[in-house]
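Below is the file work.cif, which contains mmCIF, C-alpha atoms.
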data_upload
loop_
_atom_site.label_atom_id
_atom_site.label_comp_id
_atom_site.auth_asym_id
_atom_site.auth_seq_id
_atom_site.Cartn_x
_atom_site.Cartn_y
_atom_site.Cartn_z
CA ALA Y 19 124.05 204.06 19.11
CA ALA Y 20 122.41 202.32 22.04
CA GLY Y 21 124.00 199.05 23.09
CA VAL Y 22 123.03 196.21 25.34
CA ILE Y 23 123.01 197.39 28.94
CA GLN Y 24 123.71 195.04 31.80
CA SER Y 25 123.48 195.78 35.47
CA PRO Y 26 125.16 195.60 37.78
CA ARG Y 27 128.64 195.55 36.28
CA HIS Y 28 130.12 193.91 39.34
CA LEU Y 29 128.47 191.88 42.09
CA ILE Y 30 129.87 190.17 45.14
CA LYS Y 31 127.69 187.64 46.95
CA GLU Y 32 128.18 185.06 49.63
CA LYS Y 33 127.55 181.36 49.19
CA ARG Y 34 123.88 180.41 49.34
CA GLU Y 35 122.76 183.95 48.63
CA THR Y 36 120.67 184.97 45.62
CA ALA Y 37 121.52 187.34 42.81
CA THR Y 38 119.55 189.01 40.05
CA LEU Y 39 121.23 190.18 36.88
CA LYS Y 40 119.47 192.54 34.52
CA CYS Y 41 119.77 192.99 30.79
CA TYR Y 42 118.33 195.74 28.63
CA PRO Y 43 118.58 194.81 24.95
CA ILE Y 44 119.18 197.14 22.07
CA PRO Y 45 115.91 198.97 21.26
CA ARG Y 46 113.65 196.94 18.93
CA HIS Y 47 115.65 193.77 19.52
CA ASP Y 48 113.26 191.00 20.47
CA THR Y 49 115.71 188.21 21.33
CA VAL Y 50 117.89 187.97 24.40
CA TYR Y 51 120.56 185.43 25.20
CA TRP Y 52 122.41 184.72 28.44
CA TYR Y 53 125.93 183.33 28.58
CA GLN Y 54 128.25 182.36 31.40
CA GLN Y 55 132.00 182.70 30.97
CA GLY Y 56 134.24 181.23 33.64
CA PRO Y 57 137.84 182.42 34.05
CA GLY Y 58 139.87 181.51 30.99
CA GLN Y 59 136.91 179.77 29.36
CA ASP Y 60 134.73 180.36 26.35
CA PRO Y 61 131.18 181.63 26.85
CA GLN Y 62 128.67 178.91 27.63
CA PHE Y 63 125.10 179.39 26.49
CA LEU Y 64 122.56 179.39 29.31
CA ILE Y 65 119.19 180.36 27.88
CA SER Y 66 117.51 182.57 25.29
CA PHE Y 67 114.18 184.31 24.88
CA TYR Y 68 112.28 185.42 21.83
CA GLU Y 69 109.26 187.66 22.15
CA LYS Y 70 109.15 187.05 25.90
CA MET Y 71 109.06 183.29 25.55
CA GLN Y 72 111.92 180.94 26.29
CA SER Y 73 113.28 179.75 22.96
CA ASP Y 74 116.40 177.74 23.67
CA LYS Y 75 117.92 176.28 26.79
CA GLY Y 76 121.55 175.45 27.32
CA SER Y 77 123.54 174.51 30.38
CA ILE Y 78 121.55 176.58 32.84
CA PRO Y 79 121.50 175.06 36.35
CA ASP Y 80 118.15 174.39 37.99
CA ARG Y 81 119.11 176.99 40.62
CA PHE Y 82 118.95 179.65 37.93
CA SER Y 83 115.86 181.01 36.25
CA ALA Y 84 115.33 183.77 33.74
CA GLN Y 85 112.54 185.61 32.05
CA GLN Y 86 111.96 188.31 29.50
CA PHE Y 87 109.51 191.04 30.35
CA SER Y 88 106.99 192.98 28.28
CA ASP Y 89 109.53 195.74 27.65
CA TYR Y 90 111.95 193.03 26.40
CA HIS Y 91 114.40 193.43 29.23
CA SER Y 92 115.48 190.19 30.82
CA GLU Y 93 116.52 189.11 34.28
CA LEU Y 94 118.63 186.15 35.31
CA ASN Y 95 117.85 184.99 38.83
CA MET Y 96 120.43 182.89 40.60
CA SER Y 97 119.74 181.20 43.91
CA SER Y 98 121.78 179.15 46.37
CA LEU Y 99 124.93 180.60 44.89
CA GLU Y 100 128.02 178.42 44.84
CA LEU Y 101 131.68 179.35 44.53
CA GLY Y 102 131.67 177.85 41.03
CA ASP Y 103 129.09 180.37 39.91
CA SER Y 104 131.77 183.06 39.96
CA ALA Y 105 132.00 184.12 36.34
CA LEU Y 106 131.32 186.81 33.81
CA TYR Y 107 127.69 186.75 32.75
CA PHE Y 108 126.89 188.15 29.36
CA CYS Y 109 123.62 189.14 27.88
CA ALA Y 110 123.29 189.53 24.14
CA SER Y 111 120.44 190.73 21.99
CA SER Y 112 119.45 190.41 18.38
CA LEU Y 113 116.56 191.18 16.11
CA GLY Y 114 114.65 188.16 14.99
CA ARG Y 115 114.80 184.57 16.06
CA GLY Y 116 117.88 183.81 14.07
CA GLN Y 117 115.98 182.35 11.18
CA GLY Y 118 117.78 184.94 9.19
CA MET Y 119 121.27 183.73 9.78
CA ASN Y 120 122.71 187.20 9.45
CA THR Y 121 121.07 188.24 12.66
CA GLU Y 122 124.01 189.65 14.53
CA ALA Y 123 124.04 189.20 18.27
CA PHE Y 124 125.46 192.14 20.19
CA PHE Y 125 126.78 191.61 23.67
CA GLY Y 126 126.57 193.75 26.74
CA GLN Y 127 129.63 194.51 28.82
CA GLY Y 128 128.85 191.70 31.20
CA THR Y 129 128.26 191.34 34.91
CA ARG Y 130 131.20 190.01 36.86
CA LEU Y 131 129.81 187.90 39.68
CA THR Y 132 132.08 186.86 42.51
CA VAL Y 133 130.79 184.38 45.06
CA VAL Y 134 132.75 184.30 48.29
CA ALA G 19 131.59 166.72 18.90
CA GLN G 20 132.89 170.25 19.24
CA LYS G 21 130.94 172.53 16.94
CA ILE G 22 133.64 175.20 16.78
CA THR G 23 137.35 174.45 16.94
CA GLN G 24 140.03 177.05 17.37
CA THR G 25 143.37 175.26 17.40
CA GLN G 26 145.58 178.23 18.26
CA PRO G 27 145.45 179.03 21.98
CA GLY G 28 147.84 181.93 21.43
CA MET G 29 149.25 183.88 18.52
CA PHE G 30 151.84 186.61 18.22
CA VAL G 31 152.07 189.13 15.40
CA GLN G 32 154.30 192.08 14.73
CA GLU G 33 152.62 195.47 14.61
CA LYS G 34 151.50 196.41 11.06
CA GLU G 35 151.66 192.79 9.88
CA ALA G 36 148.68 190.63 8.95
CA VAL G 37 147.59 187.63 11.01
CA THR G 38 145.19 184.76 10.41
CA LEU G 39 143.23 183.19 13.24
CA ASP G 40 141.92 179.73 12.45
CA CYS G 41 138.40 178.46 12.98
CA THR G 42 136.80 175.25 11.81
CA TYR G 43 133.23 174.26 12.43
CA ASP G 44 131.06 171.20 12.41
CA THR G 45 127.44 171.24 11.31
CA SER G 46 125.13 169.23 9.12
CA ASP G 47 122.92 172.25 8.50
CA GLN G 48 122.95 173.90 5.09
CA SER G 49 122.07 177.30 6.53
CA TYR G 50 124.18 178.69 9.32
CA GLY G 51 126.01 181.83 10.34
CA LEU G 52 129.56 182.32 11.48
CA PHE G 53 130.72 185.12 13.72
CA TRP G 54 133.93 186.48 15.15
CA TYR G 55 134.07 188.37 18.42
CA LYS G 56 136.92 190.20 20.13
CA GLN G 57 137.24 190.18 23.90
CA PRO G 58 139.83 192.60 25.28
CA SER G 59 141.11 192.34 28.83
CA SER G 60 138.29 194.61 29.98
CA GLY G 61 135.95 191.70 29.31
CA GLU G 62 133.39 193.03 26.88
CA MET G 63 132.50 190.95 23.84
CA ILE G 64 132.81 192.99 20.66
CA PHE G 65 131.20 191.81 17.41
CA LEU G 66 133.68 191.95 14.52
CA ILE G 67 132.34 190.21 11.43
CA TYR G 68 129.66 187.85 10.16
CA GLN G 69 129.58 185.29 7.32
CA GLY G 70 126.44 183.51 6.17
CA SER G 71 126.70 180.03 4.75
CA TYR G 72 125.05 181.14 1.52
CA ASP G 73 127.18 184.24 1.11
CA GLU G 74 129.27 183.78 -2.00
CA GLN G 75 131.76 186.47 -1.14
CA ASN G 76 134.02 186.57 1.87
CA ALA G 77 132.88 189.10 4.45
CA THR G 78 135.03 192.16 5.07
CA GLU G 79 134.78 194.86 7.71
CA GLY G 80 137.59 197.36 7.61
CA ARG G 81 140.81 195.59 8.58
CA TYR G 82 138.92 192.36 9.27
CA SER G 83 138.12 189.81 6.62
CA LEU G 84 136.80 186.31 6.86
CA ASN G 85 138.37 183.60 4.72
CA PHE G 86 135.37 181.34 4.26
CA GLN G 87 136.06 177.90 2.79
CA LYS G 88 132.76 176.07 2.92
CA ALA G 89 133.99 172.71 1.67
CA ARG G 90 136.67 172.67 4.35
CA LYS G 91 134.26 174.08 6.95
CA SER G 92 136.68 176.78 7.89
CA ALA G 93 136.09 180.43 8.64
CA ASN G 94 139.42 182.00 9.39
CA LEU G 95 139.67 185.61 10.51
CA VAL G 96 142.31 187.74 8.83
CA ILE G 97 143.39 190.94 10.53
CA SER G 98 145.45 193.20 8.32
CA ALA G 99 147.87 195.89 9.50
CA SER G 100 147.77 194.74 13.13
CA GLN G 101 147.64 197.41 15.80
CA LEU G 102 148.59 197.21 19.47
CA GLY G 103 144.92 197.59 20.34
CA ASP G 104 144.18 194.33 18.53
CA SER G 105 145.74 192.41 21.43
CA ALA G 106 142.80 190.48 22.84
CA MET G 107 141.03 187.15 22.94
CA TYR G 108 139.23 186.27 19.70
CA PHE G 109 136.28 183.92 19.59
CA CYS G 110 134.75 182.22 16.60
CA ALA G 111 131.07 181.34 16.95
CA MET G 112 128.32 179.68 14.94
CA ARG G 113 124.55 179.80 14.83
CA GLU G 114 122.72 176.89 13.21
CA THR G 115 119.33 176.88 11.52
CA GLY G 116 116.51 177.55 13.92
CA ALA G 117 118.82 177.64 16.91
CA ASN G 118 118.64 180.65 19.11
CA ASN G 119 122.10 180.52 20.52
CA LEU G 120 125.71 180.85 19.47
CA PHE G 121 128.25 178.07 19.92
CA PHE G 122 131.66 179.48 20.77
CA GLY G 123 135.13 178.10 20.23
CA THR G 124 137.73 178.14 22.98
CA GLY G 125 139.29 181.31 21.65
CA THR G 126 142.70 182.49 20.47
CA ARG G 127 144.68 185.02 22.45
CA LEU G 128 146.37 187.41 20.05
CA THR G 129 149.30 189.50 21.18
CA VAL G 130 150.55 192.29 18.94
CA ILE G 131 154.22 193.03 19.43
CA PRO G 132 155.49 196.59 18.89
#
Encoded form (structure tokens):
Amino acid sequence: AAGVIQSPRHLIKEKRETATLKCYPIPRHDTVYWYQQGPGQDPQFLISFYEKMQSDKGSIPDRFSAQQFSDYHSELNMSSLELGDSALYFCASSLGRGQGMNTEAFFGQGTRLTVV
Amino acid sequence: AQKITQTQPGMFVQEKEAVTLDCTYDTSDQSYGLFWYKQPSSGEMIFLIYQGSYDEQNATEGRYSLNFQKARKSANLVISASQLGDSAMYFCAMRETGANNLFFGTGTRLTVIP
């Protein structure tokens, strides 16, 4: 079965550079979530989209932006990268806006971003 | 206040034994969902099991079961017949009504001993 696809899997950037992470949700899933997981930490919610509109916002820095496109894939754009942005970035997708509580969220394999 | 609390930073279990990973949650919502995820050292986040707040029966998925005690606001994960491949980080998470995100606990690192 198709899963959530994230690209790239690994990314190395220098401070102050920009990065774009891509997420392709499971087919027919209309909701995408982005999470940031620092070393040894639990995943922190950044932002989510439902039907191409932002639906919830978490601890996403102003330097980051994200959007969901007409084909439901999503991109997380990160500018002026800092050393502290080094983390594992997860995308997850689900069907429905979570009004049905049994809407499982499936995660991609993550993008490991290293800022040097 | 922390929405999800996992009080066991690390747990050890003998192969083939059962283990319980604790999770308590805090919400004033009547409708919510509880999830457990497994994160092996490779980093991916693997969905294990789901429990809805209105589900009367405890969820089970193969060797995984969720001991849901609503009055105590606990949703412990029970892994039966532990295998070496179960060694990983385990996260408990919750989604509240109308929220489009999951709140995660700090995780429990499970080590299965041969």
Chain Y near chain G within 12 Å: what's each residue's closest atom pair and its distance in Å to one decimal, counting all atoms listed in the file, ordered by chain then ascending residue number, as JSON lines?
{"residue": "Y:Gly21", "atom": "CA", "partner": "G:Ile64", "partner_atom": "CA", "distance": 11.0}
{"residue": "Y:Val22", "atom": "CA", "partner": "G:Met63", "partner_atom": "CA", "distance": 10.9}
{"residue": "Y:Ile23", "atom": "CA", "partner": "G:Glu62", "partner_atom": "CA", "distance": 11.4}
{"residue": "Y:Gln24", "atom": "CA", "partner": "G:Glu62", "partner_atom": "CA", "distance": 11.0}
{"residue": "Y:Arg27", "atom": "CA", "partner": "G:Gly61", "partner_atom": "CA", "distance": 10.8}
{"residue": "Y:His28", "atom": "CA", "partner": "G:Gly61", "partner_atom": "CA", "distance": 11.8}
{"residue": "Y:Asp48", "atom": "CA", "partner": "G:Asn118", "partner_atom": "CA", "distance": 11.7}
{"residue": "Y:Thr49", "atom": "CA", "partner": "G:Asn118", "partner_atom": "CA", "distance": 8.4}
{"residue": "Y:Val50", "atom": "CA", "partner": "G:Asn118", "partner_atom": "CA", "distance": 9.1}
{"residue": "Y:Tyr51", "atom": "CA", "partner": "G:Asn119", "partner_atom": "CA", "distance": 7.0}
{"residue": "Y:Trp52", "atom": "CA", "partner": "G:Asn119", "partner_atom": "CA", "distance": 9.0}
{"residue": "Y:Tyr53", "atom": "CA", "partner": "G:Asn119", "partner_atom": "CA", "distance": 9.4}
{"residue": "Y:Gln54", "atom": "CA", "partner": "G:Phe122", "partner_atom": "CA", "distance": 11.5}
{"residue": "Y:Gln55", "atom": "CA", "partner": "G:Gly61", "partner_atom": "CA", "distance": 10.0}
{"residue": "Y:Gly56", "atom": "CA", "partner": "G:Gly61", "partner_atom": "CA", "distance": 11.5}
{"residue": "Y:Pro57", "atom": "CA", "partner": "G:Gly61", "partner_atom": "CA", "distance": 10.6}
{"residue": "Y:Gly58", "atom": "CA", "partner": "G:Thr124", "partner_atom": "CA", "distance": 8.9}
{"residue": "Y:Gln59", "atom": "CA", "partner": "G:Thr124", "partner_atom": "CA", "distance": 6.6}
{"residue": "Y:Asp60", "atom": "CA", "partner": "G:Thr124", "partner_atom": "CA", "distance": 5.0}
{"residue": "Y:Pro61", "atom": "CA", "partner": "G:Phe122", "partner_atom": "CA", "distance": 6.5}
{"residue": "Y:Gln62", "atom": "CA", "partner": "G:Phe122", "partner_atom": "CA", "distance": 7.5}
{"residue": "Y:Phe63", "atom": "CA", "partner": "G:Asn119", "partner_atom": "CA", "distance": 6.8}
{"residue": "Y:Leu64", "atom": "CA", "partner": "G:Asn119", "partner_atom": "CA", "distance": 8.9}
{"residue": "Y:Ile65", "atom": "CA", "partner": "G:Asn119", "partner_atom": "CA", "distance": 7.9}
{"residue": "Y:Ser66", "atom": "CA", "partner": "G:Asn118", "partner_atom": "CA", "distance": 6.6}
{"residue": "Y:Phe67", "atom": "CA", "partner": "G:Asn118", "partner_atom": "CA", "distance": 8.2}
{"residue": "Y:Tyr68", "atom": "CA", "partner": "G:Asn118", "partner_atom": "CA", "distance": 8.4}
{"residue": "Y:Met71", "atom": "CA", "partner": "G:Asn118", "partner_atom": "CA", "distance": 11.8}
{"residue": "Y:Gln72", "atom": "CA", "partner": "G:Asn118", "partner_atom": "CA", "distance": 9.8}
{"residue": "Y:Ser73", "atom": "CA", "partner": "G:Asn118", "partner_atom": "CA", "distance": 6.7}
{"residue": "Y:Asp74", "atom": "CA", "partner": "G:Asn118", "partner_atom": "CA", "distance": 5.9}
{"residue": "Y:Lys75", "atom": "CA", "partner": "G:Asn119", "partner_atom": "CA", "distance": 8.6}
{"residue": "Y:Gly76", "atom": "CA", "partner": "G:Asn119", "partner_atom": "CA", "distance": 8.5}
{"residue": "Y:Ser77", "atom": "CA", "partner": "G:Asn119", "partner_atom": "CA", "distance": 11.6}
{"residue": "Y:Ala105", "atom": "CA", "partner": "G:Gly61", "partner_atom": "CA", "distance": 11.1}
{"residue": "Y:Leu106", "atom": "CA", "partner": "G:Gly61", "partner_atom": "CA", "distance": 8.1}
{"residue": "Y:Tyr107", "atom": "CA", "partner": "G:Gly61", "partner_atom": "CA", "distance": 10.2}
{"residue": "Y:Phe108", "atom": "CA", "partner": "G:Met63", "partner_atom": "CA", "distance": 8.4}
{"residue": "Y:Cys109", "atom": "CA", "partner": "G:Met63", "partner_atom": "CA", "distance": 9.9}
{"residue": "Y:Ala110", "atom": "CA", "partner": "G:Met63", "partner_atom": "CA", "distance": 9.3}
{"residue": "Y:Ser111", "atom": "CA", "partner": "G:Asn119", "partner_atom": "CA", "distance": 10.4}
{"residue": "Y:Ser112", "atom": "CA", "partner": "G:Asn118", "partner_atom": "CA", "distance": 9.8}
{"residue": "Y:Leu113", "atom": "CA", "partner": "G:Asn118", "partner_atom": "CA", "distance": 11.1}
{"residue": "Y:Gly114", "atom": "CA", "partner": "G:Asn118", "partner_atom": "CA", "distance": 9.4}
{"residue": "Y:Arg115", "atom": "CA", "partner": "G:Asn118", "partner_atom": "CA", "distance": 6.3}
{"residue": "Y:Gly116", "atom": "CA", "partner": "G:Asn118", "partner_atom": "CA", "distance": 6.0}
{"residue": "Y:Gln117", "atom": "CA", "partner": "G:Gly116", "partner_atom": "CA", "distance": 5.6}
{"residue": "Y:Gly118", "atom": "CA", "partner": "G:Thr115", "partner_atom": "CA", "distance": 8.5}
{"residue": "Y:Met119", "atom": "CA", "partner": "G:Gly51", "partner_atom": "CA", "distance": 5.1}
{"residue": "Y:Asn120", "atom": "CA", "partner": "G:Gly70", "partner_atom": "CA", "distance": 6.2}
{"residue": "Y:Thr121", "atom": "CA", "partner": "G:Gly51", "partner_atom": "CA", "distance": 8.4}
{"residue": "Y:Glu122", "atom": "CA", "partner": "G:Tyr68", "partner_atom": "CA", "distance": 7.4}
{"residue": "Y:Ala123", "atom": "CA", "partner": "G:Phe65", "partner_atom": "CA", "distance": 7.7}
{"residue": "Y:Phe124", "atom": "CA", "partner": "G:Phe65", "partner_atom": "CA", "distance": 6.4}
{"residue": "Y:Phe125", "atom": "CA", "partner": "G:Met63", "partner_atom": "CA", "distance": 5.8}
{"residue": "Y:Gly126", "atom": "CA", "partner": "G:Glu62", "partner_atom": "CA", "distance": 6.9}
{"residue": "Y:Gln127", "atom": "CA", "partner": "G:Glu62", "partner_atom": "CA", "distance": 4.5}
{"residue": "Y:Gly128", "atom": "CA", "partner": "G:Glu62", "partner_atom": "CA", "distance": 6.4}
{"residue": "Y:Thr129", "atom": "CA", "partner": "G:Gly61", "partner_atom": "CA", "distance": 9.5}
{"residue": "Y:Arg130", "atom": "CA", "partner": "G:Gly61", "partner_atom": "CA", "distance": 9.1}
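In this structure, CA of Pro79 in chain Y sits 9.9 Å away from CA of Asp103 in chain Y.
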Could you jot down the CA of Arg81 in chain Y to CA of Pro43 in chain Y separation for me, Å, one decimal place?
-> 23.7 Å
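Distance-wise, CA of Leu102 in chain G and CA of Thr126 in chain G end up 15.9 Å apart.
Distances to Thr45 in chain G were evaluated for G:Ala106, G:Ile22, G:Ala93, G:Met29 using all atoms listed in the file, and the minimum falls at G:Ile22.
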The PyMOL selection byres ((chain G and resi 31) around 10) resolved against shown file, as a PyMOL selection string = chain G and resi 29-30+32-38+99-102+104-105+128-132
Nearest to Leu95 in chain G: which of G:Cys41, G:Asp47, G:Lys56, G:Thr23 is it, counting only C-alpha atoms?
->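 Smallest distance to Leu95 in chain G is found for G:Cys41.
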Carefully work through the PyMOL selection byres ((chain Y and resi 32) around 6) for this structure and note down the residues it includes, as a PyMOL selection string.
-> chain Y and resi 31+33+35+133-134
Pull all heavy atoms for range 39-50 of chain Y from the block and write them as a PDB file, in the first residue's frame.
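That gives us part.pdb:
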ATOM      1  N   LEU Y  39      11.237  21.212   1.949  1.00  0.00           N
ATOM      2  CA  LEU Y  39      10.922  19.809   2.182  1.00  0.00           C
ATOM      3  C   LEU Y  39       9.583  19.498   1.536  1.00  0.00           C
ATOM      4  O   LEU Y  39       8.657  20.316   1.606  1.00  0.00           O
ATOM      5  CB  LEU Y  39      10.855  19.513   3.689  1.00  0.00           C
ATOM      6  CG  LEU Y  39      12.016  19.977   4.551  1.00  0.00           C
ATOM      7  CD1 LEU Y  39      11.845  19.477   5.981  1.00  0.00           C
ATOM      8  CD2 LEU Y  39      13.340  19.523   3.987  1.00  0.00           C
ATOM      9  N   LYS Y  40       9.510  18.327   0.932  1.00  0.00           N
ATOM     10  CA  LYS Y  40       8.285  17.963   0.220  1.00  0.00           C
ATOM     11  C   LYS Y  40       7.627  16.749   0.862  1.00  0.00           C
ATOM     12  O   LYS Y  40       8.301  15.868   1.401  1.00  0.00           O
ATOM     13  CB  LYS Y  40       8.581  17.674  -1.253  1.00  0.00           C
ATOM     14  CG  LYS Y  40       9.111  18.902  -1.990  1.00  0.00           C
ATOM     15  CD  LYS Y  40       9.251  18.649  -3.469  1.00  0.00           C
ATOM     16  CE  LYS Y  40       9.736  19.920  -4.158  1.00  0.00           C
ATOM     17  NZ  LYS Y  40       9.828  19.768  -5.619  1.00  0.00           N
ATOM     18  N   CYS Y  41       6.306  16.737   0.754  1.00  0.00           N
ATOM     19  CA  CYS Y  41       5.521  15.648   1.338  1.00  0.00           C
ATOM     20  C   CYS Y  41       4.419  15.260   0.366  1.00  0.00           C
ATOM     21  O   CYS Y  41       3.652  16.124  -0.090  1.00  0.00           O
ATOM     22  CB  CYS Y  41       4.919  16.099   2.660  1.00  0.00           C
ATOM     23  SG  CYS Y  41       3.688  14.961   3.337  1.00  0.00           S
ATOM     24  N   TYR Y  42       4.344  13.985   0.080  1.00  0.00           N
ATOM     25  CA  TYR Y  42       3.283  13.463  -0.782  1.00  0.00           C
ATOM     26  C   TYR Y  42       2.422  12.535   0.063  1.00  0.00           C
ATOM     27  O   TYR Y  42       2.866  11.463   0.474  1.00  0.00           O
ATOM     28  CB  TYR Y  42       3.881  12.737  -1.988  1.00  0.00           C
ATOM     29  CG  TYR Y  42       4.688  13.659  -2.863  1.00  0.00           C
ATOM     30  CD1 TYR Y  42       6.030  13.902  -2.593  1.00  0.00           C
ATOM     31  CD2 TYR Y  42       4.097  14.318  -3.934  1.00  0.00           C
ATOM     32  CE1 TYR Y  42       6.766  14.781  -3.368  1.00  0.00           C
ATOM     33  CE2 TYR Y  42       4.831  15.197  -4.726  1.00  0.00           C
ATOM     34  CZ  TYR Y  42       6.167  15.426  -4.438  1.00  0.00           C
ATOM     35  OH  TYR Y  42       6.888  16.301  -5.199  1.00  0.00           O
ATOM     36  N   PRO Y  43       1.196  12.959   0.362  1.00  0.00           N
ATOM     37  CA  PRO Y  43       0.363  12.159   1.278  1.00  0.00           C
ATOM     38  C   PRO Y  43      -0.123  10.870   0.626  1.00  0.00           C
ATOM     39  O   PRO Y  43       0.018  10.670  -0.577  1.00  0.00           O
ATOM     40  CB  PRO Y  43      -0.812  13.095   1.570  1.00  0.00           C
ATOM     41  CG  PRO Y  43      -0.891  14.005   0.381  1.00  0.00           C
ATOM     42  CD  PRO Y  43       0.521  14.172  -0.101  1.00  0.00           C
ATOM     43  N   ILE Y  44      -0.691  10.034   1.455  1.00  0.00           N
ATOM     44  CA  ILE Y  44      -1.317   8.812   0.956  1.00  0.00           C
ATOM     45  C   ILE Y  44      -2.450   9.218   0.004  1.00  0.00           C
ATOM     46  O   ILE Y  44      -3.191  10.166   0.311  1.00  0.00           O
ATOM     47  CB  ILE Y  44      -1.838   7.972   2.131  1.00  0.00           C
ATOM     48  CG1 ILE Y  44      -0.644   7.417   2.921  1.00  0.00           C
ATOM     49  CG2 ILE Y  44      -2.746   6.843   1.666  1.00  0.00           C
ATOM     50  CD1 ILE Y  44      -1.009   6.746   4.224  1.00  0.00           C
ATOM     51  N   PRO Y  45      -2.586   8.534  -1.135  1.00  0.00           N
ATOM     52  CA  PRO Y  45      -3.650   8.896  -2.073  1.00  0.00           C
ATOM     53  C   PRO Y  45      -5.015   8.986  -1.398  1.00  0.00           C
ATOM     54  O   PRO Y  45      -5.362   8.158  -0.547  1.00  0.00           O
ATOM     55  CB  PRO Y  45      -3.604   7.751  -3.101  1.00  0.00           C
ATOM     56  CG  PRO Y  45      -2.181   7.321  -3.091  1.00  0.00           C
ATOM     57  CD  PRO Y  45      -1.731   7.457  -1.656  1.00  0.00           C
ATOM     58  N   ARG Y  46      -5.749  10.030  -1.723  1.00  0.00           N
ATOM     59  CA  ARG Y  46      -7.090  10.350  -1.217  1.00  0.00           C
ATOM     60  C   ARG Y  46      -7.049  10.983   0.182  1.00  0.00           C
ATOM     61  O   ARG Y  46      -8.097  11.407   0.668  1.00  0.00           O
ATOM     62  CB  ARG Y  46      -8.028   9.147  -1.215  1.00  0.00           C
ATOM     63  CG  ARG Y  46      -8.318   8.608  -2.607  1.00  0.00           C
ATOM     64  CD  ARG Y  46      -9.461   7.611  -2.608  1.00  0.00           C
ATOM     65  NE  ARG Y  46      -9.279   6.542  -1.637  1.00  0.00           N
ATOM     66  CZ  ARG Y  46      -8.516   5.468  -1.844  1.00  0.00           C
ATOM     67  NH1 ARG Y  46      -7.865   5.348  -2.959  1.00  0.00           N
ATOM     68  NH2 ARG Y  46      -8.407   4.544  -0.921  1.00  0.00           N
ATOM     69  N   HIS Y  47      -5.904  11.029   0.810  1.00  0.00           N
ATOM     70  CA  HIS Y  47      -5.826  11.760   2.071  1.00  0.00           C
ATOM     71  C   HIS Y  47      -5.819  13.257   1.781  1.00  0.00           C
ATOM     72  O   HIS Y  47      -5.097  13.735   0.909  1.00  0.00           O
ATOM     73  CB  HIS Y  47      -4.565  11.379   2.845  1.00  0.00           C
ATOM     74  CG  HIS Y  47      -4.683  10.103   3.595  1.00  0.00           C
ATOM     75  ND1 HIS Y  47      -3.782   9.710   4.560  1.00  0.00           N
ATOM     76  CD2 HIS Y  47      -5.615   9.127   3.532  1.00  0.00           C
ATOM     77  CE1 HIS Y  47      -4.158   8.545   5.057  1.00  0.00           C
ATOM     78  NE2 HIS Y  47      -5.263   8.167   4.447  1.00  0.00           N
ATOM     79  N   ASP Y  48      -6.645  13.981   2.542  1.00  0.00           N
ATOM     80  CA  ASP Y  48      -6.805  15.401   2.266  1.00  0.00           C
ATOM     81  C   ASP Y  48      -6.181  16.291   3.350  1.00  0.00           C
ATOM     82  O   ASP Y  48      -6.260  17.510   3.268  1.00  0.00           O
ATOM     83  CB  ASP Y  48      -8.292  15.749   2.122  1.00  0.00           C
ATOM     84  CG  ASP Y  48      -9.113  15.220   3.290  1.00  0.00           C
ATOM     85  OD1 ASP Y  48      -8.526  14.913   4.363  1.00  0.00           O
ATOM     86  OD2 ASP Y  48     -10.341  15.094   3.130  1.00  0.00           O
ATOM     87  N   THR Y  49      -5.586  15.687   4.346  1.00  0.00           N
ATOM     88  CA  THR Y  49      -5.024  16.445   5.464  1.00  0.00           C
ATOM     89  C   THR Y  49      -3.549  16.104   5.624  1.00  0.00           C
ATOM     90  O   THR Y  49      -3.167  14.927   5.581  1.00  0.00           O
ATOM     91  CB  THR Y  49      -5.773  16.118   6.765  1.00  0.00           C
ATOM     92  OG1 THR Y  49      -7.163  16.352   6.571  1.00  0.00           O
ATOM     93  CG2 THR Y  49      -5.274  16.985   7.903  1.00  0.00           C
ATOM     94  N   VAL Y  50      -2.767  17.133   5.772  1.00  0.00           N
ATOM     95  CA  VAL Y  50      -1.317  16.967   5.933  1.00  0.00           C
ATOM     96  C   VAL Y  50      -0.868  17.716   7.185  1.00  0.00           C
ATOM     97  O   VAL Y  50      -1.356  18.803   7.469  1.00  0.00           O
ATOM     98  CB  VAL Y  50      -0.576  17.505   4.682  1.00  0.00           C
ATOM     99  CG1 VAL Y  50       0.895  17.694   4.975  1.00  0.00           C
ATOM    100  CG2 VAL Y  50      -0.757  16.576   3.498  1.00  0.00           C
TER     101      VAL Y  50
END
